[in-house]
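A.B. asks: Sharing a structure with you now.
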Amino acid sequence: MGPDDSYFETIASLRRYLEELKESGVDGLPLLPEAGVPGPDSVAPSPLSGTGAADSLSMAEAAGSAAAVPLPGGETLGEIRSDLGECRRCALGAGRTTLVFGVGNPKARLLFVGEAPGREEDLRGEPFVGEAGQLLTRIIKAMGFAREEVYICNVLKCRPPGNRNPLPEEVEACSTFMLRQVRAIAPEAIVALGTFAAQALLGTKEPISKLRGVFHDYHGIPLMPTFHPAFLLRNPERKREVWEDMKQVMGRLGIATTPHKG
Ligand code: SF4
């Protein structure tokens, strides 16, 4: 691994840690740590959390401006994939191994959207493989679907180097294709997995802990934000909240719910 990769991996680790705090409902960090572990009442806004909010806001604005572009109607997913081609519309195109478009039923009732491909997804060309992907598959099955019956994709189709945060211009370049996919599939409901996907799709900087649990509107389609499966692997006690979110989605789709076995 070269020095560049090491740098990006360090940034990505810090980002994952901060996102984990954010997903847990912590909105800031103390500027000057004192002896002992600060309790929830002692947290204050930090330059780091401020930077994240600014990034999120500009990413939301980027997604919103992409959505404002007039889109072709009546497209198939195959036509959208052909239009992407060997896409180099943003800088991520140069570093990817495989463009990860999405998998599943092109007329799925339910669409799951994550952030961007990770290392394994980039190599295999499929979203949500690996441990987090296996957990997502278990969630899908618990909802009464086979993985092939739903559609799974990411907001960004190419892997950011070292899994760093996508830049606003990268979100802007790729968001139009995300919306075109949604229009082609026309699902009855969308599940946004994790902070980034929810913020990018909804054009907000609210943390996932505040967004989840209620339906939002994405171009006329009900969208339920929930925790990312990778977050659940590190925080299995939060699975119950995800199951509550998925029960609401099942209710919207008219699927009877059964008790979750964990
Ligand atoms: S991330 Fe999206 S816009 Fe950027 S190169 Fe990949 S497919 Fe194209």
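Labels for the structure tokens follow display order: chains A, B, ..., residues from 1 in each chain, ligands from 1.
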Could you list, as a VMD selection string, all the residues within 9 Å of ligand 1, counting only C-alpha atoms and all ligand atoms?

C.D. replies: chain A and resid 84 to 96 99 to 101 116 155 to 160 166 169 to 178

A.B. asks: List as an mmCIF file with N, CA and C atoms, in the first residue's frame the protein and nucleic acid residues near segment 112-115 of chain A, meaning an atom at most 6 Å away when only C-alpha atoms are counted, but skip any in the same chain fewer than 6 places from it.

C.D. replies:
data_model
loop_
_atom_site.group_PDB
_atom_site.id
_atom_site.type_symbol
_atom_site.label_atom_id
_atom_site.label_comp_id
_atom_site.auth_asym_id
_atom_site.auth_seq_id
_atom_site.Cartn_x
_atom_site.Cartn_y
_atom_site.Cartn_z
ATOM 1 N N ILE A 152 -30.913 -2.919 -5.639
ATOM 2 C CA ILE A 152 -29.909 -2.370 -4.714
ATOM 3 C C ILE A 152 -28.897 -1.560 -5.522
ATOM 4 N N CYS A 153 -28.669 -0.319 -5.099
ATOM 5 C CA CYS A 153 -27.647 0.490 -5.782
ATOM 6 C C CYS A 153 -27.097 1.523 -4.795
ATOM 7 N N ASN A 154 -26.199 2.350 -5.283
ATOM 8 C CA ASN A 154 -25.611 3.423 -4.476
ATOM 9 C C ASN A 154 -25.842 4.768 -5.158
ATOM 10 N N VAL A 155 -25.788 5.841 -4.379
ATOM 11 C CA VAL A 155 -25.875 7.181 -4.961
ATOM 12 C C VAL A 155 -24.717 7.396 -5.935
ATOM 13 N N ILE A 190 -38.568 3.453 -1.046
ATOM 14 C CA ILE A 190 -37.101 3.472 -1.089
ATOM 15 C C ILE A 190 -36.586 3.424 0.343
ATOM 16 N N VAL A 191 -35.532 2.650 0.568
ATOM 17 C CA VAL A 191 -34.843 2.668 1.856
ATOM 18 C C VAL A 191 -33.455 3.261 1.623
ATOM 19 N N ALA A 192 -33.157 4.376 2.292
ATOM 20 C CA ALA A 192 -31.834 4.997 2.203
ATOM 21 C C ALA A 192 -30.991 4.472 3.359
ATOM 22 N N LEU A 193 -29.844 3.881 3.027
ATOM 23 C CA LEU A 193 -29.016 3.216 4.030
ATOM 24 C C LEU A 193 -27.880 4.133 4.482
ATOM 25 N N PHE A 196 -25.046 9.301 4.611
ATOM 26 C CA PHE A 196 -24.749 9.956 3.339
ATOM 27 C C PHE A 196 -25.888 9.797 2.342
ATOM 28 N N ALA A 197 -26.361 8.548 2.167
ATOM 29 C CA ALA A 197 -27.414 8.295 1.178
ATOM 30 C C ALA A 197 -28.657 9.100 1.523
#

A.B. asks: Suppose you want the space between atom CA of Pro225 of chain A and atom CA of Arg119 of chain A; what is it in Å?

C.D. replies: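 Distance between the two atoms: 23.7 Å.
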
A.B. asks: List the neighbours of Lys239 of chain A out to 12 Å using only C-alpha atoms; skip same-chain residues closer than 4 positions along the sequence, and give me the result as a PyMOL selection string.

C.D. replies: chain A and resi 135-136+138-139+226-235+243-246+260-262

A.B. asks: Limited to N, CA and C atoms, could you put the picked residues into a file as a short mmCIF file (atom, residue, chain, number, x, y, z; two decimals), in the first residue's frame?

C.D. replies:
data_model
loop_
_atom_site.label_atom_id
_atom_site.label_comp_id
_atom_site.auth_asym_id
_atom_site.auth_seq_id
_atom_site.Cartn_x
_atom_site.Cartn_y
_atom_site.Cartn_z
N LEU A 135 -25.51 -8.86 5.69
CA LEU A 135 -26.51 -8.41 6.67
C LEU A 135 -27.70 -7.77 5.96
N LEU A 136 -27.43 -6.99 4.92
CA LEU A 136 -28.54 -6.39 4.15
C LEU A 136 -29.41 -7.50 3.55
N ARG A 138 -29.93 -10.41 4.76
CA ARG A 138 -30.76 -10.99 5.84
C ARG A 138 -31.93 -10.06 6.17
N ILE A 139 -31.68 -8.77 6.15
CA ILE A 139 -32.77 -7.81 6.41
C ILE A 139 -33.84 -7.94 5.32
N THR A 226 -32.63 4.73 7.17
CA THR A 226 -32.32 3.88 8.32
C THR A 226 -30.81 3.72 8.43
N PHE A 227 -30.36 3.05 9.49
CA PHE A 227 -28.92 2.90 9.69
C PHE A 227 -28.31 1.99 8.62
N HIS A 228 -27.06 2.26 8.30
CA HIS A 228 -26.32 1.46 7.31
C HIS A 228 -25.95 0.10 7.92
N PRO A 229 -26.03 -0.97 7.12
CA PRO A 229 -25.66 -2.30 7.66
C PRO A 229 -24.25 -2.33 8.27
N ALA A 230 -23.31 -1.58 7.71
CA ALA A 230 -21.95 -1.57 8.28
C ALA A 230 -21.98 -0.98 9.69
N PHE A 231 -22.83 0.01 9.91
CA PHE A 231 -22.99 0.59 11.25
C PHE A 231 -23.59 -0.46 12.19
N LEU A 232 -24.54 -1.24 11.68
CA LEU A 232 -25.17 -2.28 12.52
C LEU A 232 -24.18 -3.37 12.91
N LEU A 233 -23.22 -3.65 12.04
CA LEU A 233 -22.21 -4.66 12.38
C LEU A 233 -21.40 -4.21 13.59
N ARG A 234 -21.18 -2.90 13.69
CA ARG A 234 -20.40 -2.37 14.83
C ARG A 234 -21.30 -2.06 16.02
N ASN A 235 -22.58 -1.92 15.77
CA ASN A 235 -23.53 -1.55 16.84
C ASN A 235 -24.77 -2.44 16.75
N TRP A 243 -35.22 -2.63 12.37
CA TRP A 243 -36.38 -3.49 12.15
C TRP A 243 -37.68 -2.71 12.28
N GLU A 244 -37.73 -1.76 13.21
CA GLU A 244 -38.92 -0.91 13.34
C GLU A 244 -39.13 -0.10 12.05
N ASP A 245 -38.03 0.40 11.49
CA ASP A 245 -38.13 1.15 10.23
C ASP A 245 -38.63 0.24 9.11
N MET A 246 -38.07 -0.99 9.05
CA MET A 246 -38.45 -1.91 7.97
C MET A 246 -39.90 -2.36 8.12
N HIS A 260 -39.20 -9.95 14.87
CA HIS A 260 -37.81 -10.05 14.41
C HIS A 260 -37.00 -10.94 15.34
N LYS A 261 -36.22 -11.88 14.72
CA LYS A 261 -35.43 -12.81 15.55
C LYS A 261 -33.99 -12.32 15.73
N GLY A 262 -33.63 -11.14 15.26
CA GLY A 262 -32.31 -10.58 15.51
C GLY A 262 -31.33 -10.78 14.45
#

A.B. asks: When you draw a straight line from atom CA of Thr195 of chain A to atom CA of Gly254 of chain A, how long is it in Å?

C.D. replies: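 Rounded to one decimal, the two atoms are 26.7 Å apart.
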
A.B. asks: List the spatial neighbours of Tyr218 of chain A as a ChimeraX atom specification - criterion: any atom at most 8 Å away, only C-alpha atoms, same-chain residues fewer than 4 positions off excluded.

C.D. replies: /A:201-202,222-223

A.B. asks: Restricting the output to N, CA and C atoms, write the selected residues as a compact mmCIF listing (two decimals), in the first residue's frame.

C.D. replies:
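Resulting contents of part_35.txt:
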# COMPACT_ATOMS: atom_id res chain seq x y z
N LEU A 201 -30.00 12.11 -0.90
CA LEU A 201 -31.28 11.95 -1.58
C LEU A 201 -32.30 12.99 -1.12
N LEU A 202 -32.24 13.35 0.15
CA LEU A 202 -33.26 14.25 0.69
C LEU A 202 -32.84 15.72 0.68
N PRO A 222 -42.28 7.40 -1.27
CA PRO A 222 -41.93 7.41 0.15
C PRO A 222 -40.54 6.81 0.38
N LEU A 223 -39.74 7.53 1.16
CA LEU A 223 -38.35 7.12 1.41
C LEU A 223 -38.14 6.99 2.91

A.B. asks: For His219 of chain A, find every residue with an atom within 12 Å (counting only C-alpha atoms), except residues of its own chain fewer than 6 positions away, and show them as a PyMOL selection string.

C.D. replies: chain A and resi 64+67-68+178-180+182-183+186-190+201-203

A.B. asks: Return as a ChimeraX atom specification the full set of residues in segment 179-242 of chain A whose backbone-based DSSP assignment is alpha helix (DSSP H).

C.D. replies: /A:179-185,195-202,208-211,229-234,239-242

A.B. asks: Mind giving me the straight-line distance from atom CA of Pro127 of chain A to atom CA of Ala108 of chain A in Å, one decimal?

C.D. replies: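 Interatomic distance here is 15.9 Å.
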
A.B. asks: Would you mind telling me which residue in A:Pro117, A:Leu211, A:Asp83, A:Glu149 lies nearest to Asn163 of chain A when using only C-alpha atoms?

C.D. replies: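 Counting only C-alpha atoms, the residue closest to Asn163 of chain A is A:Pro117.
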
A.B. asks: Enumerate as a list in words all residues of segment 43-257 of chain A assigned to strand (DSSP E) by DSSP on the backbone, naming them with the chain letters and numbers the document uses.

C.D. replies: Val103, Gly104, Leu110, Leu111, Phe112, Val113, Gly114, Tyr151, Ile152, Cys153, Asn154, Ala189, Ile190, Val191, Ala192, Leu193, His216, Asp217, Tyr218, Ile221, Pro222, Leu223, Met224, Pro225 and Thr226 of chain A
